[in-house]
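One file, coords-v9.cif, carrying mmCIF, C-alpha atoms:
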```cif
data_data
#
loop_
_atom_site.label_atom_id
_atom_site.label_comp_id
_atom_site.auth_asym_id
_atom_site.auth_seq_id
_atom_site.Cartn_x
_atom_site.Cartn_y
_atom_site.Cartn_z
CA MET A 274 10.47 21.28 -5.00
CA LYS A 275 8.52 18.86 -7.17
CA MET A 276 8.19 15.44 -5.51
CA THR A 277 6.50 12.13 -6.16
CA ASN A 278 4.33 11.44 -3.11
CA ILE A 279 3.57 7.97 -1.76
CA LEU A 280 1.35 6.92 1.15
CA PHE A 281 1.78 3.70 3.13
CA CYS A 282 -0.35 2.70 6.15
CA GLY A 283 0.17 0.04 8.79
CA ASN A 284 1.76 -1.20 11.99
CA ASP A 285 5.36 -2.24 12.64
CA LYS A 286 4.74 -5.51 10.73
CA VAL A 287 4.55 -3.64 7.38
CA PHE A 288 8.25 -2.73 7.56
CA ASP A 289 9.22 -5.56 5.16
CA GLY A 290 6.52 -4.47 2.72
CA MET A 291 7.49 -0.80 2.92
CA LEU A 292 11.13 -1.65 2.30
CA THR A 293 10.54 -3.98 -0.66
CA ALA A 294 7.91 -1.72 -2.24
CA ALA A 295 10.13 1.36 -1.91
CA LEU A 296 13.15 -0.50 -3.33
CA SER A 297 11.05 -1.58 -6.33
CA ILE A 298 9.99 2.03 -6.94
CA LEU A 299 13.54 3.37 -6.62
CA LYS A 300 15.09 0.64 -8.79
CA ARG A 301 12.47 0.70 -11.56
CA THR A 302 12.13 4.49 -11.92
CA GLU A 303 14.36 6.44 -14.29
CA SER A 304 13.36 9.96 -13.20
CA LYS A 305 15.66 11.80 -10.78
CA GLU A 306 12.67 13.53 -9.15
CA PRO A 307 12.77 12.90 -5.38
CA PHE A 308 10.20 10.86 -3.46
CA CYS A 309 8.37 11.62 -0.25
CA PHE A 310 7.06 8.52 1.52
CA TYR A 311 4.33 9.31 4.04
CA VAL A 312 3.58 6.55 6.56
CA PHE A 313 0.37 6.56 8.63
CA THR A 314 0.62 4.41 11.75
CA MET A 315 -0.93 4.05 15.20
CA ASP A 316 -0.79 2.22 18.51
CA VAL A 317 -3.98 0.22 19.07
CA SER A 318 -2.42 -2.51 21.22
CA HIS A 319 -5.50 -2.27 23.45
CA ILE A 320 -7.33 -4.12 20.65
CA LYS A 321 -4.55 -6.66 20.04
CA GLU A 322 -1.07 -6.82 21.57
CA SER A 323 0.62 -7.00 18.17
CA TYR A 324 -1.02 -3.78 16.92
CA LEU A 325 2.02 -1.60 17.53
CA PRO A 326 3.07 1.40 15.42
CA VAL A 327 5.86 1.67 12.90
CA ASN A 328 8.62 2.87 15.23
CA GLU A 329 11.26 5.60 14.98
CA ARG A 330 14.09 3.09 14.47
CA GLN A 331 12.30 1.52 11.52
CA ILE A 332 11.51 4.86 9.87
CA ALA A 333 15.07 6.15 10.47
CA PHE A 334 16.52 3.03 8.81
CA PHE A 335 13.98 3.28 5.98
CA GLU A 336 14.92 6.92 5.38
CA ARG A 337 18.64 6.05 5.29
CA VAL A 338 17.91 3.45 2.61
CA ILE A 339 15.86 5.77 0.38
CA LYS A 340 18.36 8.64 0.79
CA GLY A 341 21.02 6.27 -0.52
CA TYR A 342 19.24 6.54 -3.87
CA ASN A 343 18.64 10.31 -3.70
CA SER A 344 19.66 12.55 -0.81
CA GLU A 345 16.46 14.58 -1.32
CA ASN A 346 14.17 11.58 -0.70
CA ARG A 347 12.16 11.86 2.52
CA ALA A 348 10.18 9.63 4.90
CA VAL A 349 7.48 11.20 7.07
CA LEU A 350 5.96 9.16 9.92
CA ILE A 351 2.48 10.34 10.98
CA ASP A 352 0.88 8.88 14.11
CA VAL A 353 -2.92 8.85 13.75
CA THR A 354 -3.70 7.06 17.05
CA GLU A 355 -5.61 10.01 18.46
CA ILE A 356 -7.65 10.49 15.28
CA TYR A 357 -8.43 6.77 15.11
CA ASN A 358 -9.65 6.56 18.71
CA LYS A 359 -11.85 9.60 18.19
CA GLU A 360 -13.23 8.59 14.80
CA PHE A 361 -13.35 4.78 14.82
CA GLY A 362 -12.91 3.60 18.40
CA ASN A 363 -15.41 0.75 19.04
CA CYS A 364 -16.94 1.20 15.56
CA PRO A 365 -18.65 -1.73 13.75
CA ASN A 366 -15.59 -2.21 11.50
CA GLU A 367 -12.88 -2.27 14.16
CA ASP A 368 -12.46 -6.01 13.51
CA ALA A 369 -12.07 -5.34 9.77
CA TYR A 370 -11.17 -8.24 7.42
CA CYS A 371 -7.45 -7.45 7.72
CA SER A 372 -6.94 -5.11 10.68
CA PRO A 373 -7.93 -1.61 11.89
CA TYR A 374 -4.88 -0.37 9.95
CA THR A 375 -6.81 -0.79 6.69
CA LEU A 376 -9.07 2.06 7.85
CA ILE A 377 -6.48 4.76 8.46
CA ARG A 378 -6.00 5.90 4.86
CA LEU A 379 -9.49 7.35 5.28
CA PHE A 380 -7.84 10.11 7.38
CA ALA A 381 -5.84 11.50 4.42
CA ASP A 382 -8.01 14.63 4.17
CA MET A 383 -7.56 15.33 7.90
CA ILE A 384 -3.76 15.51 7.89
CA GLU A 385 -2.35 18.98 7.35
CA GLY A 386 0.40 19.37 4.78
CA LEU A 387 -0.43 16.32 2.68
CA PRO A 388 -0.04 17.13 -1.06
CA ASP A 389 -3.03 17.30 -3.41
CA LYS A 390 -1.76 14.35 -5.47
CA ILE A 391 -0.58 11.28 -3.59
CA LEU A 392 -0.36 7.60 -4.50
CA TYR A 393 -1.72 5.29 -1.83
CA LEU A 394 -0.14 1.81 -1.93
CA ASP A 395 -0.79 -1.34 0.05
CA CYS A 396 2.53 -2.65 1.36
CA ASP A 397 2.25 -5.97 -0.50
CA ILE A 398 3.14 -4.59 -3.93
CA LEU A 399 6.19 -4.43 -6.17
CA PHE A 400 6.71 -2.14 -9.14
CA ASN A 401 7.72 -3.99 -12.27
CA ARG A 402 8.03 -0.80 -14.33
CA ASP A 403 8.55 2.95 -13.85
CA ILE A 404 6.21 4.49 -11.27
CA HIS A 405 5.62 7.53 -13.49
CA LEU A 406 3.58 5.38 -15.89
CA LEU A 407 1.03 5.41 -13.05
CA TYR A 408 1.79 8.55 -11.05
CA ASP A 409 1.73 10.91 -14.05
CA ILE A 410 -1.83 9.92 -15.03
CA ASP A 411 -4.06 13.00 -14.97
CA VAL A 412 -6.62 12.86 -12.12
CA GLU A 413 -7.60 16.56 -12.16
CA ASP A 414 -11.21 15.81 -13.17
CA CYS A 415 -11.85 12.94 -10.70
CA GLU A 416 -11.40 11.96 -7.06
CA TYR A 417 -9.01 9.08 -7.68
CA ALA A 418 -7.84 6.56 -10.24
CA ALA A 419 -7.90 2.80 -9.60
CA SER A 420 -7.89 -0.59 -11.35
CA ARG A 421 -10.60 -3.22 -11.22
CA ASP A 422 -10.44 -5.86 -8.53
CA HIS A 423 -9.45 -9.15 -10.16
CA TYR A 424 -12.20 -11.18 -8.48
CA GLY A 425 -14.67 -8.39 -7.69
CA LYS A 426 -15.06 -7.45 -11.36
CA TYR A 427 -16.55 -10.92 -11.93
CA LEU A 428 -18.33 -11.53 -8.62
CA ILE A 429 -19.61 -8.08 -7.64
CA ASN A 430 -19.58 -5.48 -10.43
CA PRO A 431 -17.63 -5.07 -13.70
CA ASN A 432 -16.24 -1.76 -12.41
CA TYR A 433 -15.59 -2.85 -8.83
CA VAL A 434 -12.17 -1.49 -7.93
CA ASN A 435 -9.37 -2.77 -5.74
CA ALA A 436 -8.33 -0.16 -3.19
CA GLY A 437 -4.75 -1.42 -2.82
CA VAL A 438 -3.47 1.05 -5.41
CA LEU A 439 -5.24 4.44 -5.42
CA LEU A 440 -4.00 7.59 -7.11
CA PHE A 441 -5.63 10.26 -4.93
CA ASN A 442 -6.66 13.74 -6.03
CA LEU A 443 -7.00 14.96 -2.43
CA LYS A 444 -8.07 18.43 -3.50
CA GLU A 445 -11.13 17.02 -5.28
CA MET A 446 -11.80 14.46 -2.53
CA LYS A 447 -11.99 17.27 0.01
CA LYS A 448 -14.36 19.16 -2.26
CA THR A 449 -16.74 16.20 -2.63
CA ALA A 450 -16.19 15.03 0.99
CA LEU A 451 -15.48 11.49 -0.23
CA LEU A 452 -13.40 10.46 2.78
CA GLU A 453 -15.77 12.20 5.19
CA LYS A 454 -18.66 10.18 3.75
CA ALA A 455 -16.57 7.00 3.88
CA ARG A 456 -15.76 7.59 7.56
CA ALA A 457 -19.47 8.07 8.31
CA LEU A 458 -20.18 4.65 6.76
CA ILE A 459 -17.37 3.00 8.75
CA LYS A 460 -18.81 4.44 11.98
CA THR A 461 -22.37 3.29 11.33
CA LYS A 462 -22.45 0.21 9.06
CA LYS A 463 -20.70 -3.16 9.17
CA LEU A 464 -19.19 -3.47 5.68
CA VAL A 465 -17.86 -6.66 4.09
CA PHE A 466 -14.64 -5.05 2.87
CA ALA A 467 -14.68 -2.15 5.35
CA ASP A 468 -12.57 0.72 3.96
CA GLN A 469 -12.71 -0.52 0.34
CA SER A 470 -16.51 -0.77 0.46
CA ALA A 471 -16.76 2.64 2.14
CA ILE A 472 -14.58 4.33 -0.50
CA ILE A 473 -16.49 2.75 -3.39
CA ARG A 474 -19.91 3.69 -1.93
CA SER A 475 -18.77 7.29 -1.33
CA THR A 476 -17.24 7.88 -4.77
CA THR A 477 -18.63 10.61 -7.01
CA LYS A 478 -16.20 10.27 -9.92
CA LYS A 479 -13.27 7.90 -10.45
CA LYS A 480 -10.95 7.12 -13.33
CA MET A 481 -10.71 3.45 -14.30
CA LEU A 482 -7.21 2.19 -14.97
CA GLY A 483 -6.04 -0.91 -16.81
CA GLN A 484 -5.29 -4.07 -14.85
CA LYS A 485 -1.55 -3.59 -15.43
CA PHE A 486 -1.57 -0.86 -12.77
CA ASN A 487 -2.75 -3.29 -10.08
CA ASP A 488 -2.25 -6.85 -11.26
CA GLN A 489 -3.42 -9.10 -8.43
CA LYS A 490 -2.94 -12.44 -10.16
CA PHE A 491 -0.49 -12.36 -13.04
CA LEU A 492 2.80 -10.78 -14.02
CA HIS A 493 3.23 -9.67 -17.63
CA LYS A 494 5.96 -7.61 -19.30
CA HIS A 495 3.52 -4.68 -19.36
CA THR A 496 2.56 -5.07 -15.65
CA VAL A 497 3.41 -1.85 -13.80
CA VAL A 498 2.33 -2.96 -10.30
CA ARG A 499 2.25 -6.57 -9.13
CA HIS A 500 -0.02 -6.77 -6.09
CA PHE A 501 0.63 -9.82 -3.89
CA SER A 502 -2.84 -10.01 -2.39
CA LYS A 503 -4.58 -13.24 -1.36
CA ARG A 504 -5.41 -15.26 -4.46
CA LEU A 505 -7.03 -18.49 -5.56
CA PHE A 506 -4.93 -21.45 -6.73
CA TRP A 507 -6.60 -24.39 -8.50
CA LEU A 508 -3.80 -26.95 -8.12
CA PRO A 509 -3.18 -29.39 -6.56
CA TYR A 510 -6.69 -28.60 -5.24
CA PRO A 511 -8.69 -25.35 -5.05
CA HIS A 512 -7.28 -23.20 -2.21
CA THR A 513 -6.31 -19.65 -1.37
CA ALA A 514 -2.83 -18.51 -0.41
CA ASN A 515 -1.47 -15.19 0.81
CA ILE A 516 2.11 -15.12 -0.48
CA LYS A 517 3.90 -11.80 0.05
CA GLN A 518 6.86 -10.46 -1.91
CA TRP A 519 9.30 -10.62 1.02
CA GLN A 520 8.75 -14.41 1.22
CA VAL A 521 11.49 -14.83 -1.35
CA SER A 522 11.58 -18.66 -1.47
CA GLU A 523 7.81 -18.79 -2.15
CA ILE A 524 8.09 -16.08 -4.83
CA HIS A 525 10.61 -18.33 -6.59
CA ARG A 526 8.95 -21.68 -5.88
CA ILE A 527 5.24 -20.88 -6.28
CA PHE A 528 5.27 -18.02 -8.80
CA GLY A 529 8.56 -18.70 -10.55
CA TYR A 530 9.43 -15.00 -10.46
CA TYR A 531 13.13 -14.13 -10.71
CA CYS A 532 12.77 -10.66 -12.28
CA PHE A 533 12.50 -9.09 -8.81
CA ASP A 534 15.70 -10.66 -7.48
CA ASP A 535 17.70 -7.41 -7.58
CA ILE A 536 15.06 -5.90 -5.26
CA LEU A 537 14.59 -8.92 -3.02
CA TYR A 538 18.28 -9.70 -2.52
CA GLU A 539 18.94 -6.10 -1.54
CA TYR A 540 15.98 -6.36 0.84
CA ILE A 541 17.47 -9.51 2.45
CA TYR A 542 20.81 -7.74 2.95
CA LEU A 543 19.13 -4.62 4.39
CA LYS A 544 16.80 -6.58 6.69
CA GLU A 545 19.76 -8.50 8.14
CA LYS A 546 21.61 -5.22 8.60
CA PHE A 547 18.60 -3.72 10.40
CA LEU A 548 18.29 -6.73 12.71
CA ARG A 549 22.01 -6.58 13.52
CA GLU A 550 21.68 -2.89 14.42
CA GLU A 551 18.64 -3.65 16.56
CA LYS A 552 20.59 -6.34 18.41
CA GLU A 553 23.61 -4.06 18.93
CA ASN A 554 21.41 -1.26 20.26
CA GLY A 555 19.66 -3.63 22.66
#
```

Translate this structure into structure tokens?
Amino acid sequence: MKMTNILFCGNDKVFDGMLTAALSILKRTESKEPFCFYVFTMDVSHIKESYLPVNERQIAFFERVIKGYNSENRAVLIDVTEIYNKEFGNCPNEDAYCSPYTLIRLFADMIEGLPDKILYLDCDILFNRDIHLLYDIDVEDCEYAASRDHYGKYLINPNYVNAGVLLFNLKEMKKTALLEKARALIKTKKLVFADQSAIIRSTTKKKMLGQKFNDQKFLHKHTVVRHFSKRLFWLPYPHTANIKQWQVSEIHRIFGYYCFDDILYEYIYLKEKFLREEKENG
């Protein structure tokens, strides 16, 4: 069966992001082709108490939600704790700029059964338009496709990419050993942006995508993916803020976005339902 394959990574705190991102995909996509959402997670609470995995209750609820849109949709939870401890335990990048969870997408070539084409997504994104505008891009002749980083393209390199949205050609990445090389860098060198730096340094051939496929600052009619990463605000004074899509009041107040309300109001209803079920089940 033909499926559209998505990869999320994170701990139990990414549940809100997974839910909102998935709802945006399901609500903005016209195709009836089913989705498979792969979720890499791990328990590294020995590093920090809050570093707990996405749990079975969360993934079961998530799968019920996505199956409500198409009974053939699937969610697959993959625990990479053992791989992480073996590969990256006590490595120079264990205190990465976000968390060790940013590193685990680098295990994609080590997981059996993962499809050749898979779209990696950070959990702080919303689709504004049909996912197939991105997913159907041909990546046969490259390792992955990605958009430029909004700030990095000015401060670092004109073709510096943001790794929050990556359309993987895993078959080619295995051939060129991209992720293997990236893991070697993570193990041996302290990198400013850890996984992102390691991927960029290990790349043989990538396809550059327009900013609309990973818009980290603005929302236009043509924007396909709005990425709610940390950004710079000039007013009332220069400062950075890290507003995420599930912070609905801030999305309205700071950004003035109301076009995502169908997604966000369903998320609010579902999150309350999940919390009620959690309370009832003790």

Report the residues retrieved by the PyMOL selection byres ((chain A and resi 293) around 7) from the displayed file, expressed as an NGL selection string. :A and (289-292 or 294-297 or 519 or 536-537 or 540)

Written as a list in words, which residues does the PyMOL selection byres ((chain A and resi 320) around 10) give for the file shown? Asp316, Val317, Ser318, His319, Lys321, Glu322, Ser323, Tyr324, Gly362, Asn363, Glu367, Asp368 and Pro373 of chain A

Generate a file of the selected residues that holds C-alpha atoms, formatted as a compact mmCIF listing (two decimals), in the coordinates of the input.
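Result file follows (result_25.txt):
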```
# COMPACT_ATOMS: atom_id res chain seq x y z
CA ASP A 316 -0.79 2.22 18.51
CA VAL A 317 -3.98 0.22 19.07
CA SER A 318 -2.42 -2.51 21.22
CA HIS A 319 -5.50 -2.27 23.45
CA LYS A 321 -4.55 -6.66 20.04
CA GLU A 322 -1.07 -6.82 21.57
CA SER A 323 0.62 -7.00 18.17
CA TYR A 324 -1.02 -3.78 16.92
CA GLY A 362 -12.91 3.60 18.40
CA ASN A 363 -15.41 0.75 19.04
CA GLU A 367 -12.88 -2.27 14.16
CA ASP A 368 -12.46 -6.01 13.51
CA PRO A 373 -7.93 -1.61 11.89
```

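Using only C-alpha atoms, the smallest distance between any of A:His525, A:Lys517, A:Arg347, A:Arg378 and Phe313 in chain A comes from A:Arg378.
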
For the provided coordinates, the residues matched by the PyMOL selection byres ((chain A and resi 410-415) around 9) should be stated as a PyMOL selection string. chain A and resi 390+405-409+416-418+440-442+444-446+477-480

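Of the residues listed (A:Lys300, A:Arg421, A:Arg499, A:Arg337), A:Arg499 shows the shortest atom-to-atom separation from Ile524 in chain A; distances use only C-alpha atoms.
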
Using all atoms listed in the file, find each residue of range 412-461 of chain A with at least one atom at most 10 Å away from an atom of range 395-402 of chain A; report its shortest atom-to-atom pair and that distance in Å (one decimal), sort the rows by chain and rising residue number, and return the result as JSON lines.
```
{"residue": "A:Ala436", "atom": "CA", "partner": "A:Asp395", "partner_atom": "CA", "distance": 8.3}
{"residue": "A:Gly437", "atom": "CA", "partner": "A:Asp395", "partner_atom": "CA", "distance": 4.9}
{"residue": "A:Val438", "atom": "CA", "partner": "A:Asp395", "partner_atom": "CA", "distance": 6.5}
{"residue": "A:Leu439", "atom": "CA", "partner": "A:Asp395", "partner_atom": "CA", "distance": 9.1}
```

Include C-alpha atoms and write out the residues we just selected as a PDB file, in the frame of the given file.
```pdb
ATOM      1  CA  ALA A 436      -8.330  -0.160  -3.190  1.00  0.00           C
ATOM      2  CA  GLY A 437      -4.750  -1.420  -2.820  1.00  0.00           C
ATOM      3  CA  VAL A 438      -3.470   1.050  -5.410  1.00  0.00           C
ATOM      4  CA  LEU A 439      -5.240   4.440  -5.420  1.00  0.00           C
TER       5      LEU A 439
END
```

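Residues in contact with Cys309 in chain A at 8 Å, where only C-alpha atoms are counted and same-chain residues fewer than 6 positions away are skipped, are listed as Met276, Thr277, Asn278, Ile279, Asn346, Arg347, Ala348 and Val349 of chain A.
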
Pick out the residues sitting within 8 Å of Ile377 in chain A, and hand them over as a short mmCIF file (atom, residue, chain, number, x, y, z; two decimals) with C-alpha atoms, in the coordinates of the input; count only C-alpha atoms, and ignore anything fewer than 6 positions along from it in its own chain.
```
data_model
loop_
_atom_site.label_atom_id
_atom_site.label_comp_id
_atom_site.auth_asym_id
_atom_site.auth_seq_id
_atom_site.Cartn_x
_atom_site.Cartn_y
_atom_site.Cartn_z
CA CYS A 282 -0.35 2.70 6.15
CA PHE A 313 0.37 6.56 8.63
CA THR A 314 0.62 4.41 11.75
CA VAL A 353 -2.92 8.85 13.75
CA TYR A 357 -8.43 6.77 15.11
#
```

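Here CA of Phe281 in chain A stands at a distance of 26.9 Å from CA of Asn430 in chain A.
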
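Picture a line from CA of Pro365 in chain A to CA of Leu379 in chain A; it runs 15.4 Å.
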
Might you pull out every residue within 10 Å of Phe547 in chain A, with all atoms listed in the file counted and same-chain residues fewer than 5 positions away left off, and present them as a short mmCIF file (atom, residue, chain, number, x, y, z; two decimals) with C-alpha atoms, keeping the file's coordinate frame?
```cif
data_model
loop_
_atom_site.label_atom_id
_atom_site.label_comp_id
_atom_site.auth_asym_id
_atom_site.auth_seq_id
_atom_site.Cartn_x
_atom_site.Cartn_y
_atom_site.Cartn_z
CA ARG A 330 14.09 3.09 14.47
CA GLN A 331 12.30 1.52 11.52
CA PHE A 334 16.52 3.03 8.81
CA PHE A 335 13.98 3.28 5.98
CA ILE A 541 17.47 -9.51 2.45
CA TYR A 542 20.81 -7.74 2.95
CA LYS A 552 20.59 -6.34 18.41
CA GLU A 553 23.61 -4.06 18.93
#
```

Within 6 Å of (-7.8, -7.2, -11.0) (coordinates as in the file), grab all the protein and nucleic acid residues, counting all atoms listed in the file, and write them out as an MDAnalysis selection string. chainID A and resid 421:423 484 488:489

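Across the structure, CA of Pro307 in chain A and CA of Val498 in chain A are spaced 19.6 Å apart.
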
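Closest approach to Thr302 in chain A from the set A:Asn554, A:Lys460, A:Gln469, A:Val497 is made by A:Val497, with distances taken over all atoms listed in the file.
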
Closest of A:Cys371, A:Val287, A:Leu299, A:Ile404 to Asp468 in chain A - atom-to-atom distances counting all atoms listed in the file: A:Cys371

Give me the residues near Thr461 in chain A as number ranges by chain, where near means some atom within 9 Å (using only C-alpha atoms) and where sequence neighbours in that chain fewer than 4 positions away do not count. A: 364-366, 456-457

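Closest approach to Phe533 in chain A from the set A:Ile429, A:Ile298, A:Leu452, A:Ile351 is made by A:Ile298, with distances taken over all atoms listed in the file.
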
In terms of all atoms listed in the file, the residue from A:Asn435, A:Asn358, A:Ser420, A:Thr375 at minimal distance from Met481 in chain A is A:Ser420
